[in-house]
>>> print(open('model03.pdb').read())   # PDB, C-alpha atoms and all ligand atoms
ATOM      1  CA  MET A  18     -94.829  88.470-180.803
ATOM      2  CA  HIS A  19     -97.238  86.163-182.608
ATOM      3  CA  GLN A  20    -100.575  86.066-180.749
ATOM      4  CA  LYS A  21    -101.613  82.611-179.652
ATOM      5  CA  ASN A  22    -105.073  81.114-180.055
ATOM      6  CA  THR A  23    -107.693  80.790-177.377
ATOM      7  CA  VAL A  24    -110.171  77.932-177.647
ATOM      8  CA  ILE A  25    -113.846  78.240-176.717
ATOM      9  CA  LEU A  26    -115.650  74.968-176.067
ATOM     10  CA  GLY A  27    -119.445  75.181-175.833
ATOM     11  CA  THR A  28    -121.407  72.812-173.625
ATOM     12  CA  GLY A  29    -124.748  74.636-173.232
ATOM     13  CA  GLY A  30    -126.240  76.101-170.049
ATOM     14  CA  THR A  31    -128.200  79.272-169.431
ATOM     15  CA  ILE A  32    -125.487  81.258-171.179
ATOM     16  CA  ALA A  33    -126.811  79.563-174.345
ATOM     17  CA  GLY A  34    -130.427  79.764-173.198
ATOM     18  CA  GLN A  35    -133.407  81.315-174.969
ATOM     19  CA  SER A  36    -136.684  82.562-173.611
ATOM     20  CA  VAL A  37    -139.774  83.744-175.473
ATOM     21  CA  SER A  38    -139.697  87.158-173.841
ATOM     22  CA  ALA A  39    -136.576  89.287-173.315
ATOM     23  CA  SER A  40    -137.887  90.265-169.901
ATOM     24  CA  ASP A  41    -138.106  86.641-168.739
ATOM     25  CA  ASN A  42    -134.907  85.616-166.960
ATOM     26  CA  ILE A  43    -136.193  82.374-165.463
ATOM     27  CA  GLY A  44    -138.722  80.800-167.844
ATOM     28  CA  TYR A  45    -136.131  79.999-170.509
ATOM     29  CA  THR A  46    -134.794  76.849-172.120
ATOM     30  CA  ALA A  47    -131.083  76.323-171.508
ATOM     31  CA  ALA A  48    -128.641  75.205-174.206
ATOM     32  CA  GLN A  49    -130.281  76.525-177.384
ATOM     33  CA  VAL A  50    -127.698  78.871-178.937
ATOM     34  CA  GLY A  51    -124.462  77.468-180.352
ATOM     35  CA  ALA A  52    -121.128  78.713-179.034
ATOM     36  CA  ALA A  53    -120.181  80.076-182.486
ATOM     37  CA  GLU A  54    -123.415  82.063-182.603
ATOM     38  CA  LEU A  55    -122.806  83.443-179.104
ATOM     39  CA  ILE A  56    -119.333  84.601-180.111
ATOM     40  CA  ALA A  57    -120.498  86.020-183.446
ATOM     41  CA  ALA A  58    -122.966  88.210-181.541
ATOM     42  CA  ILE A  59    -120.175  89.882-179.540
ATOM     43  CA  PRO A  60    -118.781  92.690-181.750
ATOM     44  CA  ALA A  61    -115.370  92.653-180.043
ATOM     45  CA  LEU A  62    -114.952  88.966-180.847
ATOM     46  CA  ALA A  63    -116.896  88.432-184.066
ATOM     47  CA  THR A  64    -113.912  89.061-186.321
ATOM     48  CA  SER A  65    -111.160  87.779-184.033
ATOM     49  CA  SER A  66    -108.807  85.469-185.902
ATOM     50  CA  HIS A  67    -107.300  83.985-182.765
ATOM     51  CA  LEU A  68    -110.364  82.186-181.477
ATOM     52  CA  LEU A  69    -111.099  78.531-182.165
ATOM     53  CA  VAL A  70    -114.692  77.638-181.334
ATOM     54  CA  GLU A  71    -116.025  74.123-180.950
ATOM     55  CA  GLN A  72    -119.425  72.872-179.795
ATOM     56  CA  LEU A  73    -118.836  69.897-177.530
ATOM     57  CA  ALA A  74    -122.291  69.400-176.126
ATOM     58  CA  GLN A  75    -125.551  71.327-175.890
ATOM     59  CA  ILE A  76    -127.100  70.499-172.535
ATOM     60  CA  ASP A  77    -128.595  72.012-169.432
ATOM     61  CA  SER A  78    -125.799  71.264-166.961
ATOM     62  CA  LYS A  79    -128.265  69.846-164.441
ATOM     63  CA  ASP A  80    -128.267  66.889-166.850
ATOM     64  CA  MET A  81    -124.470  66.581-167.017
ATOM     65  CA  THR A  82    -123.273  63.092-167.915
ATOM     66  CA  PHE A  83    -119.984  61.249-167.533
ATOM     67  CA  ALA A  84    -119.894  60.914-171.344
ATOM     68  CA  VAL A  85    -119.794  64.714-171.700
ATOM     69  CA  TRP A  86    -117.076  64.941-169.043
ATOM     70  CA  VAL A  87    -114.976  62.387-170.870
ATOM     71  CA  ASN A  88    -115.421  64.171-174.203
ATOM     72  CA  LEU A  89    -114.550  67.466-172.535
ATOM     73  CA  ALA A  90    -111.441  66.084-170.839
ATOM     74  CA  GLU A  91    -110.259  64.628-174.131
ATOM     75  CA  ARG A  92    -110.718  67.848-176.123
ATOM     76  CA  VAL A  93    -109.249  70.028-173.373
ATOM     77  CA  ARG A  94    -106.224  67.743-173.174
ATOM     78  CA  TYR A  95    -105.827  67.878-176.959
ATOM     79  CA  PHE A  96    -106.007  71.685-177.185
ATOM     80  CA  LEU A  97    -103.728  72.172-174.165
ATOM     81  CA  SER A  98    -101.092  70.082-175.910
ATOM     82  CA  ARG A  99    -100.995  72.480-178.875
ATOM     83  CA  ASP A 100     -98.228  75.096-178.808
ATOM     84  CA  ASP A 101    -100.411  77.602-180.631
ATOM     85  CA  VAL A 102    -103.048  77.536-177.832
ATOM     86  CA  CYS A 103    -102.568  79.715-174.737
ATOM     87  CA  GLY A 104    -105.759  78.824-172.877
ATOM     88  CA  ILE A 105    -109.277  77.426-173.025
ATOM     89  CA  VAL A 106    -112.694  78.831-172.168
ATOM     90  CA  ILE A 107    -115.594  76.444-171.556
ATOM     91  CA  THR A 108    -119.120  77.806-171.629
ATOM     92  CA  HIS A 109    -121.139  75.779-169.117
ATOM     93  CA  GLY A 110    -124.318  75.823-167.096
ATOM     94  CA  THR A 111    -124.014  77.090-163.553
ATOM     95  CA  ASP A 112    -125.726  74.134-161.862
ATOM     96  CA  THR A 113    -122.907  71.587-162.029
ATOM     97  CA  LEU A 114    -120.070  73.895-163.042
ATOM     98  CA  GLU A 115    -118.176  73.227-159.820
ATOM     99  CA  GLU A 116    -118.281  69.461-160.412
ATOM    100  CA  THR A 117    -116.959  69.762-163.965
ATOM    101  CA  ALA A 118    -114.273  72.175-162.766
ATOM    102  CA  TYR A 119    -113.159  69.769-160.067
ATOM    103  CA  PHE A 120    -113.180  66.793-162.439
ATOM    104  CA  LEU A 121    -111.064  68.578-165.063
ATOM    105  CA  GLN A 122    -108.637  69.877-162.453
ATOM    106  CA  ALA A 123    -108.227  66.402-160.963
ATOM    107  CA  VAL A 124    -107.637  64.529-164.205
ATOM    108  CA  LEU A 125    -105.653  67.176-166.134
ATOM    109  CA  ASN A 126    -103.958  69.423-163.552
ATOM    110  CA  PRO A 127    -103.221  71.808-166.419
ATOM    111  CA  VAL A 128    -100.409  74.347-166.532
ATOM    112  CA  LYS A 129    -102.304  76.556-168.967
ATOM    113  CA  PRO A 130    -105.586  78.179-167.866
ATOM    114  CA  VAL A 131    -108.856  76.325-168.405
ATOM    115  CA  VAL A 132    -111.642  78.783-167.637
ATOM    116  CA  LEU A 133    -115.241  77.735-167.116
ATOM    117  CA  THR A 134    -117.756  80.478-167.572
ATOM    118  CA  CYS A 135    -121.521  80.702-167.486
ATOM    119  CA  ALA A 136    -124.469  83.014-167.067
ATOM    120  CA  MET A 137    -127.425  83.387-164.764
ATOM    121  CA  ARG A 138    -129.574  84.972-167.472
ATOM    122  CA  PRO A 139    -130.350  83.537-170.898
ATOM    123  CA  ALA A 140    -128.756  84.901-174.069
ATOM    124  CA  THR A 141    -132.097  86.473-175.027
ATOM    125  CA  SER A 142    -132.331  88.537-171.826
ATOM    126  CA  LEU A 143    -132.778  92.296-172.074
ATOM    127  CA  VAL A 144    -129.603  92.577-170.001
ATOM    128  CA  PRO A 145    -127.711  89.304-170.371
ATOM    129  CA  ASP A 146    -124.638  88.592-168.249
ATOM    130  CA  GLY A 147    -123.096  85.965-170.520
ATOM    131  CA  VAL A 148    -121.354  88.395-172.881
ATOM    132  CA  GLN A 149    -119.333  90.066-170.126
ATOM    133  CA  ASN A 150    -118.588  86.689-168.560
ATOM    134  CA  ILE A 151    -117.187  85.388-171.861
ATOM    135  CA  MET A 152    -115.078  88.546-172.269
ATOM    136  CA  ASP A 153    -113.788  88.175-168.694
ATOM    137  CA  ALA A 154    -113.076  84.466-169.178
ATOM    138  CA  LEU A 155    -111.032  85.273-172.282
ATOM    139  CA  THR A 156    -109.042  87.862-170.320
ATOM    140  CA  VAL A 157    -108.148  85.125-167.821
ATOM    141  CA  ALA A 158    -107.461  82.469-170.469
ATOM    142  CA  ARG A 159    -104.994  84.822-172.183
ATOM    143  CA  HIS A 160    -103.266  86.020-169.025
ATOM    144  CA  THR A 161     -99.694  84.888-168.575
ATOM    145  CA  ASN A 162    -100.067  84.365-164.796
ATOM    146  CA  ALA A 163    -103.260  82.326-165.006
ATOM    147  CA  ARG A 164    -103.052  78.556-164.699
ATOM    148  CA  GLY A 165    -105.163  75.565-163.777
ATOM    149  CA  VAL A 166    -108.914  75.181-163.911
ATOM    150  CA  VAL A 167    -110.838  78.230-162.725
ATOM    151  CA  ALA A 168    -114.382  79.551-162.947
ATOM    152  CA  VAL A 169    -115.174  83.111-163.965
ATOM    153  CA  CYS A 170    -118.561  84.623-163.195
ATOM    154  CA  ALA A 171    -119.574  88.243-162.540
ATOM    155  CA  GLY A 172    -115.979  89.424-162.750
ATOM    156  CA  VAL A 173    -114.771  87.026-160.054
ATOM    157  CA  VAL A 174    -112.187  84.291-160.610
ATOM    158  CA  HIS A 175    -112.546  81.162-158.453
ATOM    159  CA  SER A 176    -110.207  78.200-158.214
ATOM    160  CA  ALA A 177    -111.699  74.828-159.206
ATOM    161  CA  LEU A 178    -111.012  73.490-155.713
ATOM    162  CA  ASP A 179    -112.962  76.241-153.959
ATOM    163  CA  VAL A 180    -115.760  77.276-156.301
ATOM    164  CA  GLN A 181    -119.329  76.596-155.258
ATOM    165  CA  LYS A 182    -122.651  77.879-156.549
ATOM    166  CA  VAL A 183    -124.245  79.636-153.589
ATOM    167  CA  HIS A 184    -127.078  81.679-155.069
ATOM    168  CA  THR A 185    -130.130  80.598-157.022
ATOM    169  CA  TYR A 186    -130.721  83.845-158.895
ATOM    170  CA  GLN A 187    -128.198  86.648-158.463
ATOM    171  CA  LEU A 188    -125.607  87.223-161.182
ATOM    172  CA  ASN A 189    -122.722  86.797-158.745
ATOM    173  CA  ALA A 190    -123.826  83.260-157.927
ATOM    174  CA  PHE A 191    -120.508  81.685-156.925
ATOM    175  CA  SER A 192    -118.293  81.769-153.872
ATOM    176  CA  SER A 193    -114.838  80.482-153.014
ATOM    177  CA  GLY A 194    -115.813  80.078-149.364
ATOM    178  CA  ASP A 195    -113.090  80.552-146.773
ATOM    179  CA  CYS A 196    -110.313  80.756-149.401
ATOM    180  CA  GLY A 197    -111.794  83.741-151.190
ATOM    181  CA  PRO A 198    -111.523  84.373-154.924
ATOM    182  CA  VAL A 199    -108.203  84.249-156.751
ATOM    183  CA  ALA A 200    -108.761  87.470-158.697
ATOM    184  CA  TYR A 201    -111.203  89.994-160.108
ATOM    185  CA  VAL A 202    -111.483  90.879-163.781
ATOM    186  CA  GLU A 203    -111.830  94.619-164.172
ATOM    187  CA  GLU A 204    -112.011  96.282-167.603
ATOM    188  CA  ASN A 205    -110.083  93.485-169.329
ATOM    189  CA  ALA A 206    -107.410  93.422-166.617
ATOM    190  CA  LEU A 207    -106.806  90.990-163.813
ATOM    191  CA  ARG A 208    -106.547  92.165-160.199
ATOM    192  CA  THR A 209    -105.020  89.221-158.355
ATOM    193  CA  LEU A 210    -106.143  88.908-154.742
ATOM    194  CA  ARG A 211    -103.979  86.039-153.517
ATOM    195  CA  ASP A 212    -101.190  83.879-154.832
ATOM    196  CA  TRP A 213    -102.461  82.008-157.851
ATOM    197  CA  PRO A 214    -102.704  78.380-156.647
ATOM    198  CA  SER A 215     -99.704  76.439-157.961
ATOM    199  CA  GLN A 216     -99.939  73.237-159.967
ATOM    200  CA  HIS A 217     -98.625  71.472-156.900
ATOM    201  CA  GLN A 218    -101.346  72.936-154.627
ATOM    202  CA  LEU A 219    -104.034  72.114-157.183
ATOM    203  CA  ARG A 220    -102.971  68.525-157.639
ATOM    204  CA  THR A 221    -105.595  66.257-156.102
ATOM    205  CA  LEU A 222    -104.311  62.988-157.565
ATOM    206  CA  SER A 223    -100.673  62.066-158.119
ATOM    207  CA  ALA A 224     -99.450  62.568-161.686
ATOM    208  CA  THR A 225     -99.445  58.814-162.294
ATOM    209  CA  ASP A 226    -102.912  58.414-160.797
ATOM    210  CA  SER A 227    -104.439  61.204-162.858
ATOM    211  CA  ILE A 228    -103.088  59.617-166.047
ATOM    212  CA  ALA A 229    -104.456  56.228-164.968
ATOM    213  CA  VAL A 230    -107.837  57.692-164.005
ATOM    214  CA  LEU A 231    -108.162  59.565-167.287
ATOM    215  CA  ALA A 232    -107.302  56.450-169.270
ATOM    216  CA  LYS A 233    -109.869  54.512-167.254
ATOM    217  CA  ALA A 234    -112.514  57.239-167.603
ATOM    218  CA  LEU A 235    -111.966  57.382-171.357
ATOM    219  CA  SER A 236    -112.249  53.643-171.793
ATOM    220  CA  ASP A 237    -114.959  52.640-169.305
ATOM    221  CA  GLU A 238    -118.568  53.458-169.974
ATOM    222  CA  THR A 239    -119.593  52.593-166.444
ATOM    223  CA  TRP A 240    -118.129  54.730-163.716
ATOM    224  CA  PRO A 241    -118.026  53.655-160.081
ATOM    225  CA  SER A 242    -121.384  54.178-158.512
ATOM    226  CA  VAL A 243    -121.114  56.736-155.684
ATOM    227  CA  GLU A 244    -124.161  58.383-154.147
ATOM    228  CA  ILE A 245    -124.706  61.171-151.627
ATOM    229  CA  VAL A 246    -126.895  60.955-148.534
ATOM    230  CA  MET A 247    -127.558  63.789-146.108
ATOM    231  CA  SER A 248    -127.776  63.861-142.339
ATOM    232  CA  TYR A 249    -130.689  65.825-140.925
ATOM    233  CA  ALA A 250    -133.232  65.748-138.106
ATOM    234  CA  GLY A 251    -134.894  62.357-138.091
ATOM    235  CA  ALA A 252    -132.408  60.827-140.555
ATOM    236  CA  ASN A 253    -132.246  57.046-140.498
ATOM    237  CA  GLY A 254    -130.491  54.226-142.301
ATOM    238  CA  MET A 255    -133.189  53.562-144.884
ATOM    239  CA  LEU A 256    -131.458  55.160-147.882
ATOM    240  CA  VAL A 257    -128.091  53.672-146.984
ATOM    241  CA  GLY A 258    -129.735  50.238-146.762
ATOM    242  CA  ALA A 259    -131.210  50.728-150.241
ATOM    243  CA  LEU A 260    -127.833  51.857-151.606
ATOM    244  CA  CYS A 261    -126.139  48.772-150.180
ATOM    245  CA  LYS A 262    -128.735  46.579-151.869
ATOM    246  CA  ALA A 263    -128.105  48.472-155.132
ATOM    247  CA  ASP A 264    -124.399  47.585-154.859
ATOM    248  CA  VAL A 265    -123.008  51.107-154.780
ATOM    249  CA  GLN A 266    -119.258  51.287-154.354
ATOM    250  CA  GLY A 267    -119.176  54.496-152.399
ATOM    251  CA  ILE A 268    -121.330  56.794-150.283
ATOM    252  CA  VAL A 269    -120.618  60.423-149.416
ATOM    253  CA  VAL A 270    -122.489  61.697-146.419
ATOM    254  CA  ALA A 271    -123.323  65.401-146.318
ATOM    255  CA  ALA A 272    -122.954  65.632-142.555
ATOM    256  CA  THR A 273    -124.195  68.386-140.278
ATOM    257  CA  GLY A 274    -121.757  70.998-138.917
ATOM    258  CA  ASN A 275    -118.285  69.675-138.176
ATOM    259  CA  GLY A 276    -119.016  66.278-139.712
ATOM    260  CA  THR A 277    -121.615  65.126-137.214
ATOM    261  CA  ILE A 278    -124.082  62.462-138.344
ATOM    262  CA  HIS A 279    -127.414  61.339-136.927
ATOM    263  CA  GLN A 280    -126.688  58.225-134.886
ATOM    264  CA  GLU A 281    -129.066  56.022-136.884
ATOM    265  CA  LEU A 282    -127.583  57.123-140.191
ATOM    266  CA  GLU A 283    -124.074  56.739-138.802
ATOM    267  CA  ALA A 284    -124.795  53.158-137.702
ATOM    268  CA  ALA A 285    -126.017  52.340-141.223
ATOM    269  CA  LEU A 286    -122.938  53.969-142.774
ATOM    270  CA  LEU A 287    -120.582  52.033-140.520
ATOM    271  CA  LYS A 288    -122.395  48.833-141.463
ATOM    272  CA  ALA A 289    -122.065  49.751-145.160
ATOM    273  CA  ARG A 290    -118.370  50.332-144.670
ATOM    274  CA  SER A 291    -117.968  46.978-142.999
ATOM    275  CA  GLN A 292    -119.436  45.479-146.193
ATOM    276  CA  GLY A 293    -116.669  47.073-148.268
ATOM    277  CA  ILE A 294    -118.430  50.278-149.357
ATOM    278  CA  GLU A 295    -116.224  53.372-149.197
ATOM    279  CA  VAL A 296    -117.778  56.059-147.012
ATOM    280  CA  VAL A 297    -116.608  59.680-146.995
ATOM    281  CA  ARG A 298    -117.877  62.385-144.681
ATOM    282  CA  ALA A 299    -118.253  65.962-145.955
ATOM    283  CA  SER A 300    -120.108  68.828-144.326
ATOM    284  CA  ARG A 301    -123.314  70.318-145.630
ATOM    285  CA  CYS A 302    -122.067  73.703-144.316
ATOM    286  CA  VAL A 303    -121.023  76.015-147.152
ATOM    287  CA  ASN A 304    -117.965  77.325-145.319
ATOM    288  CA  GLY A 305    -115.348  75.647-143.155
ATOM    289  CA  ARG A 306    -114.051  72.114-143.307
ATOM    290  CA  VAL A 307    -114.509  69.044-141.146
ATOM    291  CA  LEU A 308    -111.924  69.083-138.362
ATOM    292  CA  PRO A 309    -111.549  65.402-137.485
ATOM    293  CA  LYS A 310    -111.667  64.476-133.796
ATOM    294  CA  LEU A 311    -110.009  61.533-132.120
ATOM    295  CA  GLY A 312    -112.101  58.380-132.167
ATOM    296  CA  GLU A 313    -114.015  59.177-135.349
ATOM    297  CA  PHE A 314    -114.301  56.336-137.771
ATOM    298  CA  LEU A 315    -115.321  57.813-141.072
ATOM    299  CA  THR A 316    -112.806  59.390-143.463
ATOM    300  CA  ASP A 317    -113.441  63.086-144.027
ATOM    301  CA  SER A 318    -113.456  64.818-147.382
ATOM    302  CA  ASN A 319    -110.467  67.028-146.690
ATOM    303  CA  GLY A 320    -112.504  70.189-147.068
ATOM    304  CA  LEU A 321    -114.334  69.161-150.239
ATOM    305  CA  SER A 322    -118.048  69.832-150.527
ATOM    306  CA  PRO A 323    -120.276  66.742-150.815
ATOM    307  CA  VAL A 324    -120.542  66.967-154.629
ATOM    308  CA  LYS A 325    -116.795  67.385-155.102
ATOM    309  CA  ALA A 326    -116.075  64.647-152.565
ATOM    310  CA  ARG A 327    -118.260  62.393-154.708
ATOM    311  CA  VAL A 328    -116.246  63.185-157.850
ATOM    312  CA  GLU A 329    -113.029  62.584-155.938
ATOM    313  CA  LEU A 330    -114.272  59.245-154.591
ATOM    314  CA  MET A 331    -115.392  58.089-158.054
ATOM    315  CA  LEU A 332    -111.973  58.911-159.458
ATOM    316  CA  ARG A 333    -110.177  57.135-156.625
ATOM    317  CA  LEU A 334    -112.384  54.074-157.022
ATOM    318  CA  MET A 335    -111.442  53.981-160.700
ATOM    319  CA  LEU A 336    -107.898  53.254-159.607
ATOM    320  CA  LEU A 337    -109.070  50.009-158.017
ATOM    321  CA  PRO A 338    -109.306  47.383-160.780
ATOM    322  CA  SER A 339    -112.351  45.698-159.275
ATOM    323  CA  ALA A 340    -114.336  48.858-158.542
ATOM    324  CA  VAL A 341    -116.075  49.423-161.863
ATOM    325  CA  GLN A 342    -118.809  46.963-162.576
ATOM    326  CA  ALA A 343    -119.234  45.469-166.014
TER     327      ALA A 343
HETATM  328  N1  LIG B   1    -129.842  74.883-165.410
HETATM  329  C1  LIG B   1    -128.841  75.751-165.993
HETATM  330  C2  LIG B   1    -127.596  74.926-166.250
HETATM  331  O1  LIG B   1    -126.937  74.580-165.317
HETATM  332  C3  LIG B   1    -128.570  76.868-165.059
HETATM  333  C4  LIG B   1    -127.538  77.847-165.513
HETATM  334  O2  LIG B   1    -126.771  77.638-166.426
HETATM  335  O3  LIG B   1    -127.496  78.916-164.864
HETATM  336  O4  LIG B   1    -127.316  74.602-167.380
END
>>> encode(input="model03.pdb", output="C-alpha cells")
Amino acid sequence: MHQKNTVILGTGGTIAGQSVSASDNIGYTAAQVGAAELIAAIPALATSSHLLVEQLAQIDSKDMTFAVWVNLAERVRYFLSRDDVCGIVITHGTDTLEETAYFLQAVLNPVKPVVLTCAMRPATSLVPDGVQNIMDALTVARHTNARGVVAVCAGVVHSALDVQKVHTYQLNAFSSGDCGPVAYVEENALRTLRDWPSQHQLRTLSATDSIAVLAKALSDETWPSVEIVMSYAGANGMLVGALCKADVQGIVVAATGNGTIHQELEAALLKARSQGIEVVRASRCVNGRVLPKLGEFLTDSNGLSPVKARVELMLRLMLLPSAVQA
C-alpha cells in the first residue's frame, strides 16, 4: 500500500530552543531552531520522503497569540483535507500546549490525528527529550486507531480535553488528571490504555457551531475579551470591578475546591453577571471537577480547567453576533 504523508508544523517552544551551554537546561532561548532543521538532525527522519514540514510560527508558547492559533487552525484544516495526509504533528512549547490543543479540538474536531508535541529541554541539551517526543508523536500520527487532537510527551498520549501541564521541570510534565492517559508509546508502538475518545465524545461545540466559530475566528482580528480571576484567602472584588470597567465580555473564576468562591469575590462576580458579563466557575484543583450543588448561581465549567474554560467561553461568545467588539 502507498504510504501516506505526515505533516510536521513548527511553532517554536523549548523543543526548538538553544542555550549557550549543552549542560544548561533552563537558561535557554525558546524557538530558535526551525522545524526542518530539527527533523534533519534526526537520522531516522532526515531522508524520509513522506514528511511534509512547514514552519508556521517561531515563538515561545508563553507568548501565544490568537493570530497564531488562527493560522494553525487554517493550515491544520487544509492538510487534514488532503487524501495523501494521514496525520499531523505540531511542535509546540509546553506552557500553553493544553490551550492550543483544546482550541484545535473545539474548532476542528478532526477524524485524523493531530498530535502536539514538545520538549522540556532545549534542542542543544546534552540529553534532549525533543527527538524522542517527535518520534513518538509521528508514531501516533501514523497510527490507524489514533484520532482527534492529542498531546504526546515523554511517551504518554493525552487527549486534548484532559491534558494539563503539571510539572515545571521534569520531562514527563503533563497529566490527564482523573481520566488518565489514552496510551503509551513504547518502541514505536502504541499501547492503548483506554478506549480512544470518539469524535462524538471529543466534540465540544456542535458541528454547525464549530464551523461558525472557525469562520468567525478566521475573519475577526479581535476575539471576545475573557479574563481569569482566582479565589483565594482575602480575595475581594477589586479585579472584577476593574474588568467590568474594561468592558470584558466574560470572566472565568478559578474557584477553590468544589467551586467555592470567597464571598466578596462572589458578590462582585454576581454583580458582573447582572451587567451582562458571562461568568464561568472552574476549580483551581488539578484533579476532579466541580459538582454543582442546588442553589448555586454561577455556571460551572463542566470539568474544564480555568484556562480551557476561558478558551471555551471565548469560542461560545464568538457565536453571539454582538460579543466581539470592533
Ligand atoms: N516557555 C516554553 C514554551 O512554552 C516552555 C517549553 O516549551 O517547555 O514555549
>>> closest_atom_pairs(input="model03.pdb", of="chain A", to="ligand LIG 1 (chain B)", cutoff="12 Å", atoms="only C-alpha atoms and all ligand atoms", output="tab-separated table")
residue	atom	partner	partner_atom	distance
A:Gly27	CA	B:LIG1	O4	11.6
A:Thr28	CA	B:LIG1	O4	8.8
A:Gly29	CA	B:LIG1	O4	6.4
A:Gly30	CA	B:LIG1	O4	3.2
A:Thr31	CA	B:LIG1	O2	3.7
A:Ile32	CA	B:LIG1	O2	6.1
A:Ala33	CA	B:LIG1	O2	8.1
A:Gly34	CA	B:LIG1	O2	8.0
A:Gln35	CA	B:LIG1	O2	11.4
A:Asn42	CA	B:LIG1	O3	10.2
A:Ile43	CA	B:LIG1	O3	9.4
A:Gly44	CA	B:LIG1	N1	10.9
A:Tyr45	CA	B:LIG1	C1	9.6
A:Thr46	CA	B:LIG1	N1	8.6
A:Ala47	CA	B:LIG1	O4	5.8
A:Ala48	CA	B:LIG1	O4	7.0
A:Gln49	CA	B:LIG1	O4	10.6
A:Ala74	CA	B:LIG1	O4	11.3
A:Gln75	CA	B:LIG1	O4	9.3
A:Ile76	CA	B:LIG1	O4	6.6
A:Asp77	CA	B:LIG1	O4	3.5
A:Ser78	CA	B:LIG1	O4	3.7
A:Lys79	CA	B:LIG1	O1	5.0
A:Asp80	CA	B:LIG1	O4	7.8
A:Met81	CA	B:LIG1	O4	8.5
A:Thr108	CA	B:LIG1	O2	9.3
A:His109	CA	B:LIG1	O2	6.5
A:Gly110	CA	B:LIG1	O2	3.1
A:Thr111	CA	B:LIG1	O2	4.0
A:Asp112	CA	B:LIG1	O1	3.7
A:Thr113	CA	B:LIG1	O1	6.0
A:Leu114	CA	B:LIG1	O1	7.3
A:Glu115	CA	B:LIG1	O1	10.4
A:Glu116	CA	B:LIG1	O1	11.2
A:Thr117	CA	B:LIG1	O1	11.2
A:Leu133	CA	B:LIG1	O2	11.6
A:Thr134	CA	B:LIG1	O2	9.5
A:Cys135	CA	B:LIG1	O2	6.2
A:Ala136	CA	B:LIG1	O3	5.6
A:Met137	CA	B:LIG1	O3	4.5
A:Arg138	CA	B:LIG1	O3	6.9
A:Pro139	CA	B:LIG1	O3	8.1
A:Ala140	CA	B:LIG1	O2	10.7
A:Pro145	CA	B:LIG1	O3	11.8
A:Asp146	CA	B:LIG1	O3	10.6
A:Gly147	CA	B:LIG1	O2	10.0
A:Cys170	CA	B:LIG1	O3	10.7
A:Lys182	CA	B:LIG1	O3	9.7
A:Val183	CA	B:LIG1	O3	11.8
A:His184	CA	B:LIG1	O3	10.2
A:Thr185	CA	B:LIG1	O3	8.4
A:Tyr186	CA	B:LIG1	O3	8.4
A:Gln187	CA	B:LIG1	O3	10.1
A:Leu188	CA	B:LIG1	O3	9.3
A:Asn189	CA	B:LIG1	O3	11.1
A:Ala190	CA	B:LIG1	O3	9.0
A:Phe191	CA	B:LIG1	O3	10.9
>>> resolve_selection(input="model03.pdb", expression="the PyMOL selection byres (((chain A and resi 90) around 12) and not hetatm)", output="ChimeraX atom specification")
/A:26,73,83-89,91-97,105,107,117-127,131,166,227-228,230-232,234-235
>>> atom_distance(input="model03.pdb", atom1="atom CA of Leu334 of chain A", atom2="atom CA of Thr277 of chain A")
24.5 Å
>>> atom_distance(input="model03.pdb", atom1="atom CA of Leu282 of chain A", atom2="atom CA of Glu329 of chain A")
22.1 Å
>>> atom_distance(input="model03.pdb", atom1="atom CA of Val24 of chain A", atom2="atom CA of Ala158 of chain A")
8.9 Å
